[in-house]
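The next block is input.cif, given as mmCIF, C-alpha atoms.
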```cif
data_final
loop_
_atom_site.group_PDB
_atom_site.id
_atom_site.type_symbol
_atom_site.label_atom_id
_atom_site.label_comp_id
_atom_site.auth_asym_id
_atom_site.auth_seq_id
_atom_site.Cartn_x
_atom_site.Cartn_y
_atom_site.Cartn_z
ATOM 1 C CA MET A 1 22.414 7.971 51.103
ATOM 2 C CA SER A 2 24.744 7.828 48.105
ATOM 3 C CA THR A 3 23.516 4.348 47.169
ATOM 4 C CA SER A 4 19.856 5.393 47.016
ATOM 5 C CA SER A 5 20.568 8.512 44.978
ATOM 6 C CA ALA A 6 22.601 6.744 42.276
ATOM 7 C CA PRO A 7 19.622 5.089 40.533
ATOM 8 C CA GLN A 8 17.824 8.442 40.492
ATOM 9 C CA ARG A 9 20.717 10.109 38.681
ATOM 10 C CA THR A 10 20.853 7.230 36.188
ATOM 11 C CA ALA A 11 17.127 7.436 35.522
ATOM 12 C CA SER A 12 17.280 11.147 34.911
ATOM 13 C CA VAL A 13 20.216 10.865 32.497
ATOM 14 C CA VAL A 14 18.954 7.811 30.630
ATOM 15 C CA PRO A 15 15.178 8.199 30.199
ATOM 16 C CA GLY A 16 14.978 4.864 28.410
ATOM 17 C CA ALA A 17 12.446 4.153 25.705
ATOM 18 C CA ALA A 18 9.831 6.672 26.701
ATOM 19 C CA PHE A 19 6.371 5.542 25.659
ATOM 20 C CA PRO A 20 4.779 6.936 23.706
ATOM 21 C CA ARG A 21 7.094 9.416 22.017
ATOM 22 C CA GLU A 22 5.860 12.959 22.312
ATOM 23 C CA GLY A 23 6.194 16.013 20.112
ATOM 24 C CA ARG A 24 4.432 19.226 19.295
ATOM 25 C CA VAL A 25 2.345 17.562 16.587
ATOM 26 C CA ILE A 26 2.393 13.828 17.211
ATOM 27 C CA SER A 27 1.371 14.223 20.860
ATOM 28 C CA LEU A 28 -2.044 15.334 19.581
ATOM 29 C CA VAL A 29 -2.590 12.142 17.593
ATOM 30 C CA THR A 30 -3.452 9.261 19.905
ATOM 31 C CA ASP A 31 -3.547 5.610 18.875
ATOM 32 C CA ARG A 32 -7.340 5.781 18.852
ATOM 33 C CA LEU A 33 -7.349 8.769 16.520
ATOM 34 C CA ALA A 34 -4.702 7.207 14.271
ATOM 35 C CA GLY A 35 -6.604 3.932 14.247
ATOM 36 C CA SER A 36 -9.851 5.671 13.352
ATOM 37 C CA ALA A 37 -8.064 7.493 10.531
ATOM 38 C CA ALA A 38 -6.647 4.210 9.241
ATOM 39 C CA VAL A 39 -10.135 2.668 9.252
ATOM 40 C CA VAL A 40 -11.565 5.656 7.345
ATOM 41 C CA ALA A 41 -8.763 5.447 4.778
ATOM 42 C CA GLY A 42 -9.236 1.691 4.562
ATOM 43 C CA VAL A 43 -12.984 1.832 3.982
ATOM 44 C CA LEU A 44 -12.643 4.549 1.334
ATOM 45 C CA SER A 45 -9.751 2.771 -0.401
ATOM 46 C CA LEU A 46 -11.667 -0.495 -0.417
ATOM 47 C CA ALA A 47 -14.803 1.170 -1.795
ATOM 48 C CA THR A 48 -13.015 3.145 -4.506
ATOM 49 C CA GLY A 49 -10.956 0.094 -5.429
ATOM 50 C CA ILE A 50 -14.100 -1.963 -5.989
ATOM 51 C CA VAL A 51 -15.683 0.827 -8.052
ATOM 52 C CA GLN A 52 -12.584 1.247 -10.213
ATOM 53 C CA ALA A 53 -12.380 -2.499 -10.789
ATOM 54 C CA LEU A 54 -16.034 -2.747 -11.822
ATOM 55 C CA VAL A 55 -16.322 0.536 -13.742
ATOM 56 C CA PRO A 56 -13.364 1.013 -16.095
ATOM 57 C CA GLN A 57 -12.290 4.629 -16.537
ATOM 58 C CA THR A 58 -12.414 5.967 -20.080
ATOM 59 C CA VAL A 59 -9.374 7.731 -21.511
ATOM 60 C CA SER A 60 -10.404 11.357 -21.819
ATOM 61 C CA ASP A 61 -9.198 14.861 -21.008
ATOM 62 C CA THR A 62 -12.366 15.452 -19.004
ATOM 63 C CA ILE A 63 -13.244 13.702 -15.750
ATOM 64 C CA ASP A 64 -16.471 11.702 -15.612
ATOM 65 C CA PRO A 65 -18.920 12.290 -12.722
ATOM 66 C CA HIS A 66 -18.164 8.899 -11.134
ATOM 67 C CA VAL A 67 -14.446 9.673 -11.299
ATOM 68 C CA ARG A 68 -15.102 12.885 -9.369
ATOM 69 C CA VAL A 69 -16.683 10.789 -6.639
ATOM 70 C CA ILE A 70 -13.623 8.533 -6.640
ATOM 71 C CA LEU A 71 -11.346 11.578 -6.399
ATOM 72 C CA ALA A 72 -13.394 12.914 -3.486
ATOM 73 C CA GLY A 73 -13.064 9.625 -1.630
ATOM 74 C CA PHE A 74 -9.369 9.425 -2.452
ATOM 75 C CA THR A 75 -8.855 12.973 -1.158
ATOM 76 C CA ILE A 76 -10.452 12.172 2.181
ATOM 77 C CA SER A 77 -8.397 8.982 2.445
ATOM 78 C CA LEU A 78 -5.195 10.973 1.852
ATOM 79 C CA TRP A 79 -6.069 13.314 4.719
ATOM 80 C CA ALA A 80 -6.791 10.282 6.895
ATOM 81 C CA LEU A 81 -3.448 8.756 5.940
ATOM 82 C CA ALA A 82 -1.684 11.920 7.082
ATOM 83 C CA VAL A 83 -3.279 11.557 10.523
ATOM 84 C CA MET A 84 -2.393 7.865 10.624
ATOM 85 C CA TYR A 85 1.261 8.552 9.807
ATOM 86 C CA LEU A 86 1.530 11.129 12.580
ATOM 87 C CA GLY A 87 0.003 8.660 15.021
ATOM 88 C CA LEU A 88 2.468 5.934 14.065
ATOM 89 C CA ALA A 89 5.320 8.384 14.642
ATOM 90 C CA ARG A 90 4.705 8.080 18.384
ATOM 91 C CA HIS A 91 6.039 4.515 18.172
ATOM 92 C CA ALA A 92 9.007 5.294 15.909
ATOM 93 C CA ARG A 93 12.521 6.404 16.798
ATOM 94 C CA SER A 94 12.040 9.589 14.781
ATOM 95 C CA SER A 95 8.997 11.524 13.628
ATOM 96 C CA TRP A 96 10.439 13.225 10.544
ATOM 97 C CA GLY A 97 9.485 10.391 8.184
ATOM 98 C CA ALA A 98 5.871 10.504 9.303
ATOM 99 C CA VAL A 99 5.773 14.294 8.943
ATOM 100 C CA VAL A 100 7.241 14.131 5.432
ATOM 101 C CA ALA A 101 4.770 11.415 4.389
ATOM 102 C CA ALA A 102 1.886 13.420 5.851
ATOM 103 C CA ILE A 103 2.999 16.516 3.945
ATOM 104 C CA GLY A 104 3.162 14.444 0.768
ATOM 105 C CA THR A 105 -0.347 13.010 1.061
ATOM 106 C CA THR A 106 -1.781 16.393 2.008
ATOM 107 C CA LEU A 107 -0.006 18.116 -0.882
ATOM 108 C CA LEU A 108 -1.384 15.534 -3.292
ATOM 109 C CA THR A 109 -4.914 16.562 -2.331
ATOM 110 C CA VAL A 110 -4.242 19.969 -3.899
ATOM 111 C CA GLY A 111 -4.183 18.183 -7.240
ATOM 112 C CA THR A 112 -7.081 15.817 -6.560
ATOM 113 C CA ILE A 113 -9.355 18.599 -5.335
ATOM 114 C CA SER A 114 -8.552 20.892 -8.277
ATOM 115 C CA SER A 115 -9.155 18.056 -10.727
ATOM 116 C CA ALA A 116 -12.469 17.107 -9.127
ATOM 117 C CA VAL A 117 -13.698 20.695 -9.024
ATOM 118 C CA ASN A 118 -12.594 21.665 -12.553
ATOM 119 C CA GLY A 119 -13.406 18.358 -14.199
ATOM 120 C CA ALA A 120 -9.901 18.061 -15.641
ATOM 121 C CA ASP A 121 -6.297 18.006 -14.512
ATOM 122 C CA LEU A 122 -4.856 21.518 -14.430
ATOM 123 C CA GLU A 123 -1.441 22.418 -15.822
ATOM 124 C CA PHE A 124 0.265 22.409 -12.431
ATOM 125 C CA PHE A 125 -1.027 18.955 -11.509
ATOM 126 C CA PRO A 126 1.971 16.916 -12.823
ATOM 127 C CA ALA A 127 4.473 19.046 -10.904
ATOM 128 C CA VAL A 128 2.432 18.902 -7.697
ATOM 129 C CA ALA A 129 1.838 15.172 -8.061
ATOM 130 C CA MET A 130 5.541 14.472 -8.632
ATOM 131 C CA ALA A 131 6.605 16.449 -5.562
ATOM 132 C CA ALA A 132 3.816 15.007 -3.406
ATOM 133 C CA ASN A 133 4.478 11.413 -4.434
ATOM 134 C CA GLY A 134 8.194 11.864 -3.817
ATOM 135 C CA LEU A 135 7.600 13.183 -0.308
ATOM 136 C CA TRP A 136 5.065 10.445 0.371
ATOM 137 C CA LEU A 137 7.489 7.718 -0.737
ATOM 138 C CA ILE A 138 10.524 9.101 1.107
ATOM 139 C CA GLY A 139 8.497 9.661 4.263
ATOM 140 C CA GLY A 140 6.930 6.211 4.097
ATOM 141 C CA ILE A 141 10.314 4.519 3.769
ATOM 142 C CA ALA A 142 11.807 6.564 6.612
ATOM 143 C CA LEU A 143 8.835 5.861 8.877
ATOM 144 C CA CYS A 144 8.976 2.152 8.111
ATOM 145 C CA VAL A 145 12.696 1.955 8.953
ATOM 146 C CA SER A 146 12.222 4.043 12.093
ATOM 147 C CA LEU A 147 9.361 1.844 13.329
ATOM 148 C CA ILE A 148 11.344 -1.342 12.746
ATOM 149 C CA ARG A 149 14.433 0.053 14.484
ATOM 150 C CA ALA A 150 12.317 1.080 17.472
ATOM 151 C CA ARG A 151 11.016 -2.518 17.736
ATOM 152 C CA ARG A 152 7.673 -1.272 18.958
ATOM 153 C CA VAL A 153 5.721 -2.304 15.877
ATOM 154 C CA SER A 154 5.725 -5.678 14.155
ATOM 155 C CA VAL A 155 7.884 -5.830 11.036
ATOM 156 C CA TRP A 156 4.913 -7.161 9.065
ATOM 157 C CA VAL A 157 2.856 -4.161 10.106
ATOM 158 C CA ALA A 158 5.535 -1.626 9.169
ATOM 159 C CA LEU A 159 6.832 -3.124 5.894
ATOM 160 C CA PRO A 160 3.727 -2.375 3.753
ATOM 161 C CA LEU A 161 3.793 1.353 4.618
ATOM 162 C CA PRO A 162 6.203 2.409 1.818
ATOM 163 C CA LEU A 163 4.298 0.201 -0.650
ATOM 164 C CA LEU A 164 0.899 1.858 -0.257
ATOM 165 C CA GLN A 165 1.448 4.007 -3.328
ATOM 166 C CA LEU A 166 1.624 0.952 -5.584
ATOM 167 C CA PRO A 167 -1.996 -0.198 -5.169
ATOM 168 C CA LEU A 168 -3.416 3.270 -4.509
ATOM 169 C CA LEU A 169 -1.793 5.006 -7.487
ATOM 170 C CA PHE A 170 -0.104 2.742 -10.009
ATOM 171 C CA PHE A 171 -2.603 -0.137 -9.833
ATOM 172 C CA SER A 172 -5.662 1.915 -8.962
ATOM 173 C CA GLN A 173 -7.378 1.212 -12.307
ATOM 174 C CA LEU A 174 -7.104 -2.511 -11.575
ATOM 175 C CA GLY A 175 -8.802 -2.130 -8.227
ATOM 176 C CA GLY A 176 -5.583 -1.895 -6.241
ATOM 177 C CA GLY A 177 -7.366 0.164 -3.620
ATOM 178 C CA THR A 178 -8.954 -3.038 -2.325
ATOM 179 C CA VAL A 179 -5.546 -4.420 -1.329
ATOM 180 C CA ALA A 180 -4.507 -1.179 0.351
ATOM 181 C CA GLY A 181 -7.914 -0.925 2.003
ATOM 182 C CA LEU A 182 -7.660 -4.352 3.613
ATOM 183 C CA TYR A 183 -4.207 -3.545 5.012
ATOM 184 C CA LEU A 184 -5.347 -0.173 6.349
ATOM 185 C CA LEU A 185 -8.390 -1.726 7.990
ATOM 186 C CA ALA A 186 -6.173 -4.311 9.692
ATOM 187 C CA LEU A 187 -3.767 -1.600 10.837
ATOM 188 C CA GLY A 188 -6.673 0.462 12.144
ATOM 189 C CA VAL A 189 -7.971 -2.461 14.191
ATOM 190 C CA ILE A 190 -4.492 -3.076 15.611
ATOM 191 C CA LEU A 191 -4.238 0.564 16.693
ATOM 192 C CA LEU A 192 -7.767 0.748 18.087
ATOM 193 C CA THR A 193 -7.416 -2.446 20.113
ATOM 194 C CA GLY A 194 -4.193 -1.203 21.685
ATOM 195 C CA ARG A 195 -1.992 -4.014 20.373
ATOM 196 C CA ILE A 196 0.729 -1.627 19.221
ATOM 197 C CA ALA A 197 0.575 0.243 22.512
ATOM 198 C CA SER A 198 0.891 -2.950 24.566
ATOM 199 C CA ARG A 199 3.802 -4.158 22.441
ATOM 200 C CA ALA A 200 5.484 -0.778 22.867
ATOM 201 C CA HIS A 201 5.069 -0.957 26.639
ATOM 202 C CA ARG A 202 6.671 -4.405 26.742
ATOM 203 C CA THR A 203 9.575 -3.254 24.548
ATOM 204 C CA ALA A 204 10.139 -0.150 26.684
ATOM 205 C CA ARG A 205 10.606 -2.190 29.851
#
```
Full structure transcribed into structure tokens:
Amino acid sequence: MSTSSAPQRTASVVPGAAFPREGRVISLVTDRLAGSAAVVAGVLSLATGIVQALVPQTVSDTIDPHVRVILAGFTISLWALAVMYLGLARHARSSWGAVVAAIGTTLLTVGTISSAVNGADLEFFPAVAMAANGLWLIGGIALCVSLIRARRVSVWVALPLPLLQLPLLFFSQLGGGTVAGLYLLALGVILLTGRIASRAHRTAR
């Protein structure tokens, strides 16, 4: 009687590596939804990267019509990235990094939308962009570390997450979106095919 009940007490005290992690927000974002979001962000990043590489942007205070289209695509990709981050949080040891990164990308869309609508960057754009990019970077680093420590996602899949800002922002005029787009498409396929989920199940055992 006592022998059979001991494992039950151990199981209840030490839940192990529960898969997937749940939370009020991340429980709503399945791998399929996160994968679809990654594919959307990847396609848009790839498309805008090609356009920016082929059509150089002129230096002007006003925003050209084709740049407005780029900003619209970039805005949608930022929303998709937020969903992707929240989905990846289910495989991390902590979800706060993903939430911070998602807040950062969503906050950045306040600036991109206002610029696209008004045809020029408004006065508050630098402050919003600085705060948003900081949150995005900090969250991306934290999520990357948390994913690696959880050992549920390949290191090579997690490592590029904090580096997404480089091609998407700093090298965007050189067509950096193509590099980010290819990575996001690969990550989306991995999520949609269940490879991360299967790896997580094996690690949790």
Sorted per-residue table, range 47-116 of chain A near range 130-150 of chain A, closest atoms and distance, 6 Å, only C-alpha atoms, as CSV:
```
residue,atom,partner,partner_atom,distance
A:Ala92,CA,A:Leu147,CA,4.3
A:Arg93,CA,A:Ser146,CA,5.3
A:Gly97,CA,A:Gly139,CA,4.1
A:Ala98,CA,A:Leu143,CA,5.5
A:Val100,CA,A:Gly139,CA,4.8
A:Ala101,CA,A:Gly139,CA,4.1
A:Gly104,CA,A:Ala132,CA,4.3
A:Leu107,CA,A:Ala132,CA,5.5
A:Leu108,CA,A:Ala132,CA,5.2
```
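Restricting the calculation to only C-alpha atoms, the smallest distance between Val83 in chain A and any of A:Arg151, A:Val67, A:Val55, A:Leu33 is found for A:Leu33.
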Chain and number of each residue from the PyMOL selection byres ((chain A and resi 168-173) around 9), as a PyMOL selection string: chain A and resi 45+48-49+52-53+56-57+74+164-167+174-181
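Compared by their closest atoms to Ala82 in chain A, and using only C-alpha atoms, the residues A:Ile113, A:Leu54, A:Ile70, A:Ala37 rank with A:Ala37 nearest.
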Can you translate the PyMOL selection byres ((chain A and resi 192) around 9) into the concrete residues it hits in this file, as a ChimeraX atom specification? /A:31-36,187-191,193-196
As JSON, please report the centre and edge lengths, rounded to one decimal in Å, of the axis-aligned box that holds all listed atoms of range 36-53 of chain A with 6 Å of padding on each of the six sides.
```
{"center_x": -11.2, "center_y": 2.5, "center_z": 1.3, "size_x": 21.0, "size_y": 22.0, "size_z": 36.1}
```
Among A:Leu71, A:Leu46, A:Ala127, A:Ala186, Ser114 in chain A is approached most closely, using all atoms listed in the file, by A:Leu71
